[in-house]
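**Student:** structure-v5.tsv (TSV, C-alpha atoms) pasted underneath:
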chain	number	residue	atom	x	y	z
A	1	MET	CA	-242.87	124.19	-23.41
A	2	SER	CA	-246.28	125.71	-22.70
A	3	ASP	CA	-248.22	127.56	-25.37
A	4	ALA	CA	-247.90	130.78	-23.37
A	5	ALA	CA	-244.11	130.57	-23.45
A	6	GLN	CA	-243.84	129.73	-27.13
A	7	PRO	CA	-242.63	132.38	-29.57
A	8	THR	CA	-245.22	133.71	-31.98
A	9	ALA	CA	-245.15	133.00	-35.69
A	10	ALA	CA	-244.15	136.63	-36.21
A	11	GLU	CA	-241.18	136.23	-33.85
A	12	VAL	CA	-240.02	133.15	-35.77
A	13	ARG	CA	-240.35	135.07	-39.03
A	14	ALA	CA	-238.39	138.01	-37.58
A	15	ALA	CA	-235.63	135.63	-36.46
A	16	ALA	CA	-235.45	134.21	-39.99
A	17	GLU	CA	-235.14	137.72	-41.42
A	18	ALA	CA	-232.34	138.42	-38.94
A	19	VAL	CA	-230.45	135.39	-40.26
A	20	LYS	CA	-230.82	136.65	-43.84
A	21	ALA	CA	-229.50	140.06	-42.86
A	22	ALA	CA	-226.61	138.51	-40.94
A	23	LEU	CA	-225.73	136.38	-43.96
A	24	ASP	CA	-225.54	139.50	-46.12
A	25	ARG	CA	-223.35	141.28	-43.56
A	26	HIS	CA	-221.06	138.27	-43.27
A	27	LEU	CA	-220.63	137.97	-47.05
A	28	ASP	CA	-220.00	141.70	-47.32
A	29	ALA	CA	-217.33	141.50	-44.60
A	30	VAL	CA	-215.67	138.51	-46.28
A	31	GLU	CA	-215.61	140.28	-49.66
A	32	ARG	CA	-213.98	143.34	-48.07
A	33	ARG	CA	-211.61	141.49	-45.73
A	34	THR	CA	-208.14	142.97	-45.33
A	35	GLY	CA	-206.38	139.84	-44.05
A	36	ASP	CA	-206.74	136.46	-42.38
A	37	ASP	CA	-207.51	138.05	-39.01
A	38	ASP	CA	-209.88	140.80	-40.15
A	39	PRO	CA	-211.92	141.82	-37.06
A	40	ASP	CA	-214.95	142.75	-39.22
A	41	VAL	CA	-215.14	139.16	-40.49
A	42	TYR	CA	-214.83	137.84	-36.96
A	43	GLU	CA	-217.64	140.10	-35.71
A	44	ALA	CA	-219.88	139.25	-38.68
A	45	PHE	CA	-219.25	135.54	-38.10
A	46	ASN	CA	-220.30	135.79	-34.47
A	47	ALA	CA	-223.37	137.85	-35.39
A	48	LEU	CA	-224.37	135.24	-37.96
A	49	ALA	CA	-223.87	132.42	-35.47
A	50	ALA	CA	-225.99	134.21	-32.85
A	51	ALA	CA	-228.76	134.95	-35.35
A	52	ALA	CA	-228.78	131.35	-36.59
A	53	GLU	CA	-228.93	130.00	-33.04
A	54	ALA	CA	-231.82	132.33	-32.15
A	55	TYR	CA	-233.74	131.29	-35.24
A	56	ASP	CA	-233.10	127.60	-34.58
A	57	GLU	CA	-234.39	127.93	-31.01
A	58	ARG	CA	-237.53	129.81	-32.01
A	59	LEU	CA	-238.22	127.45	-34.88
A	60	TYR	CA	-237.97	124.45	-32.58
A	61	ASP	CA	-240.01	126.03	-29.79
A	62	ARG	CA	-242.81	127.04	-32.15
A	63	TYR	CA	-242.88	124.26	-34.74
A	64	ASP	CA	-240.78	121.43	-33.26
A	65	GLU	CA	-238.45	121.72	-36.26
A	66	VAL	CA	-234.70	122.22	-36.58
A	67	THR	CA	-232.41	123.77	-39.16
A	68	PRO	CA	-230.14	121.58	-41.31
A	69	PHE	CA	-227.03	123.64	-40.62
A	70	GLU	CA	-224.80	124.57	-37.72
A	71	ILE	CA	-222.16	127.29	-37.40
A	72	PRO	CA	-219.55	125.88	-35.02
A	73	GLY	CA	-217.19	127.60	-32.68
A	74	ALA	CA	-218.91	130.94	-32.16
A	75	ASP	CA	-218.90	130.74	-28.36
A	76	ASP	CA	-215.63	128.86	-27.92
A	77	SER	CA	-213.45	130.58	-30.53
A	78	LEU	CA	-211.02	133.32	-29.59
A	79	PRO	CA	-210.75	136.65	-31.40
A	80	PRO	CA	-207.74	137.24	-33.66
A	81	TYR	CA	-204.52	137.46	-31.67
A	82	ALA	CA	-203.51	141.08	-31.11
A	83	GLY	CA	-200.83	140.64	-28.45
A	84	PRO	CA	-197.09	141.17	-28.72
A	85	GLU	CA	-195.30	139.23	-31.44
A	86	GLU	CA	-192.37	138.52	-29.10
A	87	PRO	CA	-193.88	138.26	-25.59
A	88	ASN	CA	-191.55	139.02	-22.72
A	89	ALA	CA	-194.00	137.73	-20.09
A	90	LEU	CA	-197.07	135.56	-19.79
A	91	SER	CA	-200.00	134.98	-17.49
A	92	VAL	CA	-201.59	131.58	-16.93
A	93	LEU	CA	-205.26	131.90	-15.97
A	94	ILE	CA	-206.92	128.77	-14.57
A	95	ARG	CA	-210.49	128.12	-13.52
A	96	ARG	CA	-211.68	124.78	-12.15
A	97	ASP	CA	-215.22	124.19	-10.91
A	98	TYR	CA	-216.16	121.55	-8.33
A	99	ALA	CA	-219.39	120.39	-6.79
A	100	VAL	CA	-219.31	119.43	-3.11
A	101	ALA	CA	-220.67	115.95	-3.79
A	102	GLU	CA	-219.94	114.40	-0.39
A	103	PRO	CA	-219.87	117.05	2.36
A	104	GLN	CA	-219.22	114.52	5.12
A	105	ARG	CA	-216.15	113.17	3.32
A	106	LEU	CA	-214.90	116.74	2.87
A	107	LEU	CA	-215.44	117.50	6.55
A	108	ALA	CA	-213.70	114.29	7.62
A	109	GLN	CA	-210.66	115.03	5.46
A	110	ALA	CA	-210.43	118.58	6.78
A	111	GLN	CA	-210.66	117.31	10.36
A	112	ARG	CA	-207.90	114.79	9.66
A	113	ILE	CA	-205.64	117.56	8.34
A	114	THR	CA	-206.38	119.65	11.43
A	115	ASP	CA	-205.64	116.73	13.76
A	116	LEU	CA	-202.27	116.14	12.06
A	117	ASP	CA	-201.26	119.77	12.70
A	118	PRO	CA	-201.96	120.21	16.42
A	119	GLU	CA	-200.15	123.54	16.76
A	120	SER	CA	-200.43	126.73	14.76
A	121	GLU	CA	-197.55	129.11	14.06
A	122	GLU	CA	-198.36	130.92	17.33
A	123	GLY	CA	-197.99	127.70	19.31
A	124	GLU	CA	-201.69	127.39	20.00
A	125	ARG	CA	-203.76	124.37	19.13
A	126	THR	CA	-205.48	124.72	15.78
A	127	ALA	CA	-209.25	125.03	16.14
A	128	PRO	CA	-211.07	121.93	14.92
A	129	VAL	CA	-213.49	121.99	12.02
A	130	VAL	CA	-216.85	122.52	13.72
A	131	GLY	CA	-220.10	120.78	12.79
A	132	SER	CA	-221.10	121.00	9.14
A	133	SER	CA	-219.01	124.05	8.22
A	134	VAL	CA	-218.15	123.28	4.62
A	135	HIS	CA	-216.76	126.80	4.33
A	136	ALA	CA	-214.17	126.11	7.04
A	137	ALA	CA	-213.38	122.67	5.62
A	138	LEU	CA	-212.66	124.15	2.17
A	139	GLY	CA	-210.33	126.70	3.77
A	140	VAL	CA	-208.41	123.90	5.50
A	141	LEU	CA	-208.24	121.77	2.35
A	142	PHE	CA	-207.01	124.50	0.01
A	143	GLY	CA	-204.66	125.80	2.66
A	144	GLU	CA	-202.98	122.41	2.90
A	145	TYR	CA	-202.81	121.22	-0.74
A	146	GLU	CA	-201.81	122.78	-4.03
A	147	PRO	CA	-204.68	123.17	-6.54
A	148	ASP	CA	-203.12	120.61	-8.89
A	149	GLU	CA	-203.05	118.01	-6.11
A	150	ILE	CA	-206.68	118.71	-5.27
A	151	ALA	CA	-207.53	118.32	-8.94
A	152	SER	CA	-205.88	114.89	-9.06
A	153	ARG	CA	-207.41	113.75	-5.74
A	154	HIS	CA	-210.78	115.53	-5.86
A	155	LYS	CA	-212.85	112.37	-5.30
A	156	GLU	CA	-210.86	111.64	-2.16
A	157	PHE	CA	-211.99	115.00	-0.82
A	158	GLY	CA	-215.65	114.53	-1.66
A	159	LEU	CA	-215.55	116.83	-4.69
A	160	GLU	CA	-216.91	116.29	-8.19
A	161	GLU	CA	-215.27	117.94	-11.19
A	162	GLY	CA	-217.11	120.46	-13.31
A	163	ASP	CA	-215.78	122.46	-16.23
A	164	SER	CA	-212.22	123.76	-16.28
A	165	THR	CA	-210.24	126.05	-18.53
A	166	LEU	CA	-206.66	127.27	-18.82
A	167	TRP	CA	-205.67	130.39	-20.73
A	168	VAL	CA	-202.10	131.31	-21.64
A	169	SER	CA	-201.99	135.07	-22.18
A	170	ALA	CA	-198.99	136.96	-23.57
A	171	ALA	CA	-197.76	140.32	-22.26
A	172	GLU	CA	-195.10	142.87	-23.10
A	173	GLU	CA	-193.67	142.82	-19.58
A	174	LEU	CA	-194.27	141.37	-16.15
A	175	PRO	CA	-196.63	143.52	-14.03
A	176	GLU	CA	-195.31	145.21	-10.91
A	177	PRO	CA	-195.54	143.09	-7.72
A	178	GLY	CA	-199.02	143.32	-6.25
A	179	GLU	CA	-200.36	145.31	-9.20
A	180	TRP	CA	-203.31	143.06	-10.05
A	181	LEU	CA	-203.83	141.09	-6.83
A	182	SER	CA	-207.01	142.95	-5.84
A	183	THR	CA	-208.73	142.08	-9.16
A	184	PRO	CA	-206.74	139.19	-10.64
A	185	PHE	CA	-209.19	138.21	-13.40
A	186	ASP	CA	-210.65	141.55	-14.46
A	187	HIS	CA	-208.05	142.43	-17.06
A	188	ALA	CA	-207.85	139.19	-19.06
A	189	ASP	CA	-207.80	140.22	-22.71
A	190	PRO	CA	-208.99	137.45	-25.09
A	191	GLN	CA	-206.98	139.06	-27.88
A	192	HIS	CA	-203.77	138.36	-25.94
A	193	VAL	CA	-204.52	134.66	-25.40
A	194	VAL	CA	-201.93	132.52	-27.16
A	195	CYS	CA	-203.76	129.24	-26.50
A	196	ARG	CA	-206.46	127.80	-24.26
A	197	PHE	CA	-207.40	124.34	-23.04
A	198	ASP	CA	-210.97	123.52	-22.01
A	199	VAL	CA	-212.32	120.43	-20.24
A	200	SER	CA	-216.07	119.86	-20.00
A	201	ALA	CA	-218.52	116.98	-19.88
A	202	VAL	CA	-220.38	118.64	-22.74
A	203	PHE	CA	-217.56	117.61	-25.06
A	204	ASP	CA	-218.07	113.97	-24.09
A	205	GLU	CA	-221.80	114.36	-24.75
A	206	GLU	CA	-221.11	115.83	-28.18
A	207	GLU	CA	-218.75	112.98	-29.03
A	208	LEU	CA	-221.41	110.48	-27.93
A	209	GLU	CA	-224.01	112.22	-30.08
A	210	ASP	CA	-221.60	112.16	-33.04
A	211	ASP	CA	-221.09	108.42	-32.52
A	212	LEU	CA	-224.85	107.88	-32.45
A	213	ASP	CA	-225.23	109.97	-35.58
A	214	ASP	CA	-222.66	107.82	-37.36
A	215	GLU	CA	-224.45	104.62	-36.32
A	216	ASP	CA	-228.07	105.65	-36.67
A	217	GLY	CA	-228.04	108.40	-39.28
A	218	PRO	CA	-228.73	112.10	-38.79
A	219	ARG	CA	-230.62	113.26	-35.74
A	220	THR	CA	-233.90	115.07	-36.25
A	221	THR	CA	-234.15	116.83	-32.89
A	222	PRO	CA	-231.64	118.90	-30.87
Give the structure from this file in structure tokens form.

**Tutor:**
Amino acid sequence: MSDAAQPTAAEVRAAAEAVKAALDRHLDAVERRTGDDDPDVYEAFNALAAAAEAYDERLYDRYDEVTPFEIPGADDSLPPYAGPEEPNALSVLIRRDYAVAEPQRLLAQAQRITDLDPESEEGERTAPVVGSSVHAALGVLFGEYEPDEIASRHKEFGLEEGDSTLWVSAAEELPEPGEWLSTPFDHADPQHVVCRFDVSAVFDEEELEDDLDDEDGPRTTP
């Protein structure tokens, strides 16, 4: 990092003071907690984690030093469950990211699908995938296969997996038909999530770093 982009010594000091204040707030919340899922403790925990991360970043950027502690789970943890105790319905929210790693393979697969379906519902010949239209090819691919099949065969279609997550969210009752179709993901409430499953390459990197730590001793840089 260039000198111009580095935080000042005063900014590092201010970040350290913020950590001290967050520690006091966290301890105060813990001492006054009203139960295992006290929201004040949860908020103080996240504030402490954010302050510690900011201080660690500024300390490293300015002095090339790191802190000896880490507060895990601030970004990945869910808030205390506040949904119905006996859910009568559930929503399964899935996100999968892909990179178009091999556009030509994707285009070829889409063209093959089109060629195998020479007639549309109206009896007219389906228009071929033209040129390098990845947009059209993706429409053909996801119109032909279920998302789970694409996930299991993504390499065959020239795609490369990114992160994915699945949330199981509880509800009192099933929404009315068509109620949320215009904005399907806007009303996901983390406090109603019963469980979630995340897949990311970053987890593999963390496991590799842990293995290296076990073999070579503690790391001294992020």

**Student:** Name the residues in contact with Gln109 (chain A) at a cut-off of 7 Å, using only C-alpha atoms, excluding same-chain residues fewer than 4 positions from it; report them as a compact mmCIF listing (two decimals) with C-alpha atoms, in the frame of the given file.

**Tutor:**
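Ended up saving to selection03.txt:
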# COMPACT_ATOMS: atom_id res chain seq x y z
CA ARG A 105 -216.15 113.17 3.32
CA ILE A 113 -205.64 117.56 8.34
CA PHE A 157 -211.99 115.00 -0.82

**Student:** Residues of region 54-116 of chain A that approach region 181-198 of chain A to 12 Å or less, counting all atoms listed in the file: could you list each one with the shortest pair of atoms and its distance in Å to one decimal, rows by chain and increasing residue number, as a Markdown table?

**Tutor:**
| residue | atom | partner | partner_atom | distance |
| --- | --- | --- | --- | --- |
| A:Asp76 | CA | A:Asp198 | CA | 9.2 |
| A:Ser77 | CA | A:Arg196 | CA | 9.8 |
| A:Leu78 | CA | A:Pro190 | CA | 6.4 |
| A:Pro79 | CA | A:Gln191 | CA | 5.7 |
| A:Pro80 | CA | A:Gln191 | CA | 6.1 |
| A:Tyr81 | CA | A:Gln191 | CA | 4.8 |
| A:Ala82 | CA | A:Gln191 | CA | 5.2 |
| A:Gly83 | CA | A:His192 | CA | 4.5 |
| A:Pro84 | CA | A:His192 | CA | 7.8 |
| A:Glu85 | CA | A:His192 | CA | 10.1 |
| A:Glu86 | CA | A:Val194 | CA | 11.5 |
| A:Pro87 | CA | A:His192 | CA | 9.9 |
| A:Ala89 | CA | A:His192 | CA | 11.4 |
| A:Leu90 | CA | A:Val194 | CA | 9.3 |
| A:Ser91 | CA | A:Ala188 | CA | 9.0 |
| A:Val92 | CA | A:Val193 | CA | 9.5 |
| A:Leu93 | CA | A:Phe185 | CA | 7.9 |
| A:Ile94 | CA | A:Phe197 | CA | 9.6 |
| A:Arg95 | CA | A:Asp198 | CA | 9.7 |
| A:Arg96 | CA | A:Asp198 | CA | 10.0 |
| A:Asp97 | CA | A:Asp198 | CA | 11.9 |

**Student:** Let me make sure I understand: among A:His26, A:Arg112, A:Glu102, A:Gln6, which one has the smallest atom-to-atom distance to Asp38 (chain A) if we use all atoms listed in the file?

**Tutor:**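 Using all atoms listed in the file, the shortest distance to Asp38 (chain A) belongs to A:His26.
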
**Student:** Using only the atoms of region 158-173 of chain A listed in the file, plus 8 Å on each side, state the axis-aligned box centre and edge lengths in Å rounded to one decimal, as AutoDock Vina command-line options.

**Tutor:**
--center_x -205.4 --center_y 128.7 --center_z -12.6 --size_x 39.4 --size_y 44.3 --size_z 37.9

**Student:** Could you tell me how far CA of Glu43 (chain A) sits from CA of Tyr63 (chain A), in Å to one decimal place?

**Tutor:**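 For CA of Tyr63 (chain A) relative to CA of Glu43 (chain A), the distance reads 29.8 Å.
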
**Student:** As JSON, numbers by chain, please: the residues near Val199 (chain A) (cut-off 8 Å, all atoms listed in the file, same-chain neighbours under 4 positions excluded).

**Tutor:** {"A": [163, 164, 165, 203]}

**Student:** Enter the distance from CA of Leu48 (chain A) to CA of Ala22 (chain A), in Å, rounded to one decimal.

**Tutor:**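 Computed distance, CA of Leu48 (chain A) to CA of Ala22 (chain A), equals 5.0 Å.
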
**Student:** In Å, with one decimal, what is the gap from CA of Phe69 (chain A) to CA of Thr34 (chain A)?

**Tutor:**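 For CA of Phe69 (chain A) relative to CA of Thr34 (chain A), the distance reads 27.4 Å.
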